[in-house]
file protein-v6.cif (mmCIF, C-alpha atoms)
data_input
#
loop_
_atom_site.label_atom_id
_atom_site.label_comp_id
_atom_site.auth_asym_id
_atom_site.auth_seq_id
_atom_site.Cartn_x
_atom_site.Cartn_y
_atom_site.Cartn_z
CA MET K 1 12.28 1.80 -4.54
CA SER K 2 11.57 1.97 -0.87
CA GLN K 3 14.14 1.16 1.77
CA ARG K 4 13.84 -1.86 3.98
CA LEU K 5 11.69 -1.31 7.08
CA ARG K 6 13.46 -1.74 10.41
CA LEU K 7 11.46 -3.90 12.79
CA GLU K 8 11.40 -3.22 16.50
CA LYS K 9 12.24 -5.85 19.11
CA GLY K 10 9.56 -8.54 19.22
CA GLU K 11 7.93 -7.31 16.01
CA ALA K 12 7.30 -9.60 13.04
CA LEU K 13 6.59 -8.74 9.42
CA VAL K 14 3.11 -9.89 8.38
CA ILE K 15 2.85 -8.57 4.80
CA SER K 16 4.30 -5.85 2.61
CA VAL K 17 2.41 -4.72 -0.51
CA THR K 18 2.81 -2.17 -3.26
CA PRO K 19 -0.33 -0.22 -4.13
CA VAL K 20 -1.94 -0.81 -7.52
CA PRO K 21 -0.67 1.14 -10.53
CA LYS K 22 -2.68 4.26 -11.12
CA GLY K 23 -2.75 6.37 -14.27
CA LEU K 24 -0.51 4.19 -16.42
CA ALA K 25 -3.05 2.99 -18.99
CA ALA K 26 -3.92 6.37 -20.56
CA PRO K 27 -0.31 7.42 -21.38
CA LEU K 28 0.43 3.93 -22.70
CA LEU K 29 -2.62 3.98 -24.98
CA LEU K 30 -1.78 7.51 -26.13
CA PHE K 31 1.80 6.45 -26.88
CA LEU K 32 0.66 3.44 -28.93
CA LEU K 33 -2.01 5.45 -30.75
CA VAL K 34 0.31 8.34 -31.69
CA GLU K 35 3.13 6.05 -32.78
CA GLY K 36 0.75 3.92 -34.85
CA LEU K 37 -0.75 7.02 -36.44
CA VAL K 38 2.71 8.36 -37.39
CA ILE K 39 3.68 5.01 -38.94
CA TRP K 40 0.43 4.83 -40.90
CA LEU K 41 0.67 8.45 -42.11
CA ALA K 42 4.30 7.88 -43.14
CA THR K 43 3.09 5.33 -45.68
CA LEU K 44 0.89 8.02 -47.25
CA TRP K 45 3.20 11.07 -47.21
CA SER K 46 6.70 10.87 -48.55
CA LEU K 47 7.90 13.91 -46.55
CA LEU K 48 6.78 12.31 -43.29
CA HIS K 49 8.32 9.01 -44.42
CA ARG K 50 11.67 10.74 -44.85
CA TYR K 51 11.65 12.07 -41.25
CA GLU K 52 9.66 9.21 -39.71
CA GLY K 53 12.28 8.32 -37.06
CA ILE K 54 12.54 11.89 -35.77
CA VAL K 55 8.74 12.32 -35.68
CA LEU K 56 8.35 9.01 -33.81
CA VAL K 57 10.84 10.11 -31.15
CA VAL K 58 9.37 13.61 -30.79
CA THR K 59 5.76 12.44 -30.54
CA GLY K 60 6.61 9.56 -28.22
CA ILE K 61 8.70 11.50 -25.68
CA LEU K 62 5.86 13.15 -23.73
CA PRO K 63 3.64 10.06 -23.21
CA ALA K 64 6.71 7.93 -22.40
CA LEU K 65 7.93 10.52 -19.88
CA VAL K 66 4.52 10.73 -18.19
CA MET K 67 4.30 6.94 -18.05
CA ALA K 68 7.83 6.64 -16.60
CA THR K 69 7.23 9.22 -13.86
CA ARG K 70 3.91 7.65 -12.85
CA ALA K 71 5.48 4.19 -12.76
CA TRP K 72 8.36 5.53 -10.67
CA ARG K 73 5.94 7.18 -8.22
CA TRP K 74 3.81 4.02 -8.07
CA ARG K 75 6.81 1.77 -7.36
CA SER K 76 8.08 4.11 -4.63
CA TYR K 77 5.10 3.39 -2.33
CA LYS K 78 5.00 0.48 0.10
CA VAL K 79 2.36 -0.51 2.67
CA THR K 80 3.76 -2.77 5.39
CA LEU K 81 1.78 -4.57 8.08
CA THR K 82 3.76 -5.87 11.03
CA SER K 83 2.60 -7.54 14.21
CA GLN K 84 2.45 -4.14 15.97
CA ARG K 85 1.90 -1.40 13.34
CA VAL K 86 0.95 -0.40 9.81
CA VAL K 87 3.58 1.65 7.97
CA ILE K 88 3.00 3.57 4.72
CA VAL K 89 6.22 4.78 3.09
CA GLY K 90 6.36 6.65 -0.20
CA GLY K 91 7.62 9.51 -2.25
CA VAL K 92 10.05 9.90 -5.12
CA PHE K 93 12.28 12.82 -4.15
CA ALA K 94 10.92 13.68 -0.70
CA ARG K 95 10.17 10.58 1.36
CA HIS K 96 7.25 10.53 3.76
CA SER K 97 6.16 7.90 6.20
CA THR K 98 2.95 7.33 8.11
CA GLN K 99 2.81 4.85 10.95
CA VAL K 100 -0.23 3.63 12.87
CA ASN K 101 0.09 1.40 15.92
CA LEU K 102 -2.37 -1.48 15.79
CA GLY K 103 -3.32 -0.83 19.41
CA ASP K 104 -4.69 2.58 18.35
CA VAL K 105 -6.88 1.18 15.54
CA PHE K 106 -10.45 0.53 16.63
CA ALA K 107 -12.12 -0.06 13.23
CA THR K 108 -11.21 -0.85 9.63
CA HIS K 109 -13.15 -0.28 6.40
CA ALA K 110 -12.61 -1.40 2.81
CA ASP K 111 -14.16 0.87 0.16
CA GLN K 112 -14.62 -0.15 -3.47
CA SER K 113 -16.64 1.34 -6.30
CA PHE K 114 -18.28 -0.94 -8.86
CA GLY K 115 -15.37 -0.55 -11.28
CA GLU K 116 -12.88 -1.21 -8.51
CA ARG K 117 -14.75 -4.37 -7.49
CA LEU K 118 -14.48 -5.62 -11.07
CA ARG K 119 -10.73 -4.98 -11.04
CA ARG K 120 -10.39 -6.27 -7.44
CA ARG K 121 -8.98 -2.99 -6.16
CA GLY K 122 -9.93 -0.53 -3.45
CA VAL K 123 -8.78 1.43 -0.43
CA VAL K 124 -8.58 0.37 3.20
CA MET K 125 -9.28 2.91 5.93
CA LEU K 126 -8.05 2.58 9.50
CA GLU K 127 -10.09 4.41 12.15
CA THR K 128 -8.14 5.68 15.15
CA SER K 129 -8.98 8.09 17.94
CA ALA K 130 -6.79 10.69 16.18
CA GLY K 131 -8.68 10.34 12.90
CA SER K 132 -8.91 8.20 9.81
CA VAL K 133 -5.88 6.91 7.90
CA THR K 134 -6.48 5.86 4.29
CA LEU K 135 -4.11 3.35 2.75
CA PRO K 136 -3.40 3.74 -0.98
CA ALA K 137 -5.46 1.63 -3.39
CA VAL K 138 -4.42 -2.01 -3.16
CA ARG K 139 -5.42 -5.32 -4.72
CA HIS K 140 -7.93 -7.33 -2.69
CA PRO K 141 -8.70 -4.65 -0.06
CA ALA K 142 -11.13 -6.85 1.88
CA ALA K 143 -8.40 -9.46 2.37
CA LEU K 144 -5.98 -6.79 3.60
CA ARG K 145 -8.66 -5.44 5.96
CA ARG K 146 -9.27 -8.94 7.37
CA LEU K 147 -5.52 -9.42 7.78
CA VAL K 148 -5.23 -6.11 9.66
CA ASP K 149 -8.17 -7.09 11.90
CA ARG K 150 -6.70 -10.54 12.61
CA THR K 151 -3.26 -9.08 13.37
CA ARG K 152 -4.86 -6.40 15.55
CA ARG K 153 -6.83 -9.05 17.45
CA ASP K 154 -3.72 -11.22 17.91
CA PHE K 155 -1.74 -8.15 19.06
CA ALA K 156 -4.42 -7.26 21.62
CA SER K 157 -4.62 -10.82 22.93
CA SER K 158 -0.83 -11.04 23.28
CA LYS K 159 -0.85 -7.91 25.46
CA SER K 160 -3.60 -9.15 27.76
CA PRO K 161 -2.58 -11.59 30.48
CA SER K 162 -3.29 -15.28 30.04
CA TRP K 163 -5.74 -17.16 32.26
CA GLU K 164 -2.88 -18.64 34.27
CA GLU K 165 -1.39 -15.20 34.90
CA LEU K 166 -4.79 -13.87 35.99
CA PHE K 167 -5.38 -16.75 38.44
CA ASP K 168 -1.81 -16.54 39.79
CA ASP K 169 -2.38 -12.85 40.59
CA VAL K 170 -5.75 -13.59 42.27
CA ASP K 171 -4.33 -16.44 44.37
CA SER K 172 -1.41 -14.36 45.65
CA GLU K 173 -3.73 -11.46 46.59
CA GLU K 174 -6.13 -13.76 48.48
CA ARG K 175 -3.39 -15.51 50.39
CA GLY K 176 -1.72 -12.32 51.52
CA PRO K 177 1.94 -11.36 51.69
CA GLU K 178 2.87 -13.92 54.38
CA PHE K 179 2.24 -16.83 51.97
CA GLU K 180 4.35 -15.52 49.07
CA GLU K 181 7.08 -17.78 47.86
#

call {"tool": "encode", "arguments": {"input": "protein-v6.cif", "output": "structure tokens"}}
result
Amino acid sequence: MSQRLRLEKGEALVISVTPVPKGLAAPLLLFLLVEGLVIWLATLWSLLHRYEGIVLVVTGILPALVMATRAWRWRSYKVTLTSQRVVIVGGVFARHSTQVNLGDVFATHADQSFGERLRRRGVVMLETSAGSVTLPAVRHPAALRRLVDRTRRDFASSKSPSWEELFDDVDSEERGPEFEE
């Protein structure tokens, strides 16, 4: 599992998501098929029936191991959107982290194939001047893209001065230094 993200001063957590599971269905189906086949064949062959428990364990180890490692890898990833940045943290043994400041993002894209649209999954890409950053496949990618855009817009508007600040600066420049309070 991923460690808790440390927020910087003035930064707020918007959302934290785990990418969708990938590659878990095939080992699970293989496990169920092989185990069912061994149980069925054990009813037909007395020799297999005698060693049925051992054969079930031996034939089930590989698909169960593949499924466990893929689930572990899947659960180790976390995509976090804060008020100032997007952080992707993942890895089982060697941890890696990618961080993109929202001020550097100038465009976002959500890509989904037909099958991904049916399952409501897809990837979100963040375009920066340094290149493109692809987030892992998530549920409802269009909603995440809209949330990134809204947070990016709010972040940009919080950095720009308000109307009152702009007019205060203009008034003090027009009046000159002798009228400063």

call {"tool": "closest_atom_pairs", "arguments": {"input": "protein-v6.cif", "of": "segment 26-84 of chain K", "to": "segment 8-14 of chain K", "cutoff": "12 Å", "atoms": "all atoms listed in the file", "output": "Markdown table"}}
result
| residue | atom | partner | partner_atom | distance |
| --- | --- | --- | --- | --- |
| K:Val79 | CA | K:Val14 | CA | 11.0 |
| K:Thr80 | CA | K:Leu13 | CA | 7.7 |
| K:Leu81 | CA | K:Val14 | CA | 5.5 |
| K:Thr82 | CA | K:Leu13 | CA | 4.3 |
| K:Ser83 | CA | K:Ala12 | CA | 5.3 |
| K:Gln84 | CA | K:Glu11 | CA | 6.3 |

call {"tool": "resolve_selection", "arguments": {"input": "protein-v6.cif", "expression": "the PyMOL selection byres ((chain K and resi 136) around 8)", "output": "ChimeraX atom specification"}}
result
/K:19,123-124,134-135,137-138

call {"tool": "resolve_selection", "arguments": {"input": "protein-v6.cif", "expression": "the PyMOL selection byres ((chain K and resi 90) around 8)", "output": "compact mmCIF listing (two decimals) with C-alpha atoms, in the coordinates of the input"}}
result
# COMPACT_ATOMS: atom_id res chain seq x y z
CA SER K 2 11.57 1.97 -0.87
CA SER K 76 8.08 4.11 -4.63
CA TYR K 77 5.10 3.39 -2.33
CA LYS K 78 5.00 0.48 0.10
CA ILE K 88 3.00 3.57 4.72
CA VAL K 89 6.22 4.78 3.09
CA GLY K 91 7.62 9.51 -2.25
CA VAL K 92 10.05 9.90 -5.12
CA ARG K 95 10.17 10.58 1.36
CA HIS K 96 7.25 10.53 3.76
CA SER K 97 6.16 7.90 6.20

call {"tool": "resolve_selection", "arguments": {"input": "protein-v6.cif", "expression": "the PyMOL selection byres ((chain K and resi 100) around 10)", "output": "list of chain:residue names"}}
result
K:Leu81, K:Gln84, K:Arg85, K:Val86, K:Val87, K:Ile88, K:Thr98, K:Gln99, K:Asn101, K:Leu102, K:Gly103, K:Asp104, K:Val105, K:Leu126, K:Glu127, K:Thr128, K:Val133

call {"tool": "residues_around", "arguments": {"input": "protein-v6.cif", "residues": "Glu35 of chain K", "least_positions_apart": "4", "cutoff": "9 Å", "atoms": "only C-alpha atoms", "output": "PDB file with C-alpha atoms, in the frame of the given file"}}
result
ATOM      1  CA  LEU K  30      -1.780   7.510 -26.130  1.00  0.00           C
ATOM      2  CA  PHE K  31       1.800   6.450 -26.880  1.00  0.00           C
ATOM      3  CA  ILE K  39       3.680   5.010 -38.940  1.00  0.00           C
ATOM      4  CA  TRP K  40       0.430   4.830 -40.900  1.00  0.00           C
ATOM      5  CA  VAL K  55       8.740  12.320 -35.680  1.00  0.00           C
ATOM      6  CA  LEU K  56       8.350   9.010 -33.810  1.00  0.00           C
ATOM      7  CA  VAL K  57      10.840  10.110 -31.150  1.00  0.00           C
ATOM      8  CA  THR K  59       5.760  12.440 -30.540  1.00  0.00           C
ATOM      9  CA  GLY K  60       6.610   9.560 -28.220  1.00  0.00           C
TER      10      GLY K  60
END

call {"tool": "residues_around", "arguments": {"input": "protein-v6.cif", "residues": "Ala71 of chain K", "least_positions_apart": "4", "cutoff": "12 Å", "atoms": "only C-alpha atoms", "output": "list of chain:residue names"}}
result
K:Met1, K:Thr18, K:Pro19, K:Val20, K:Pro21, K:Lys22, K:Gly23, K:Leu24, K:Ala25, K:Pro27, K:Leu28, K:Ala64, K:Leu65, K:Val66, K:Met67, K:Arg75, K:Ser76, K:Tyr77, K:Gly91, K:Val92

call {"tool": "atom_distance", "arguments": {"input": "protein-v6.cif", "atom1": "atom CA of Phe106 of chain K", "atom2": "atom CA of Arg6 of chain K"}}
result
24.8 Å

call {"tool": "atom_distance", "arguments": {"input": "protein-v6.cif", "atom1": "atom CA of Asp149 of chain K", "atom2": "atom CA of Arg73 of chain K"}}
result
28.4 Å
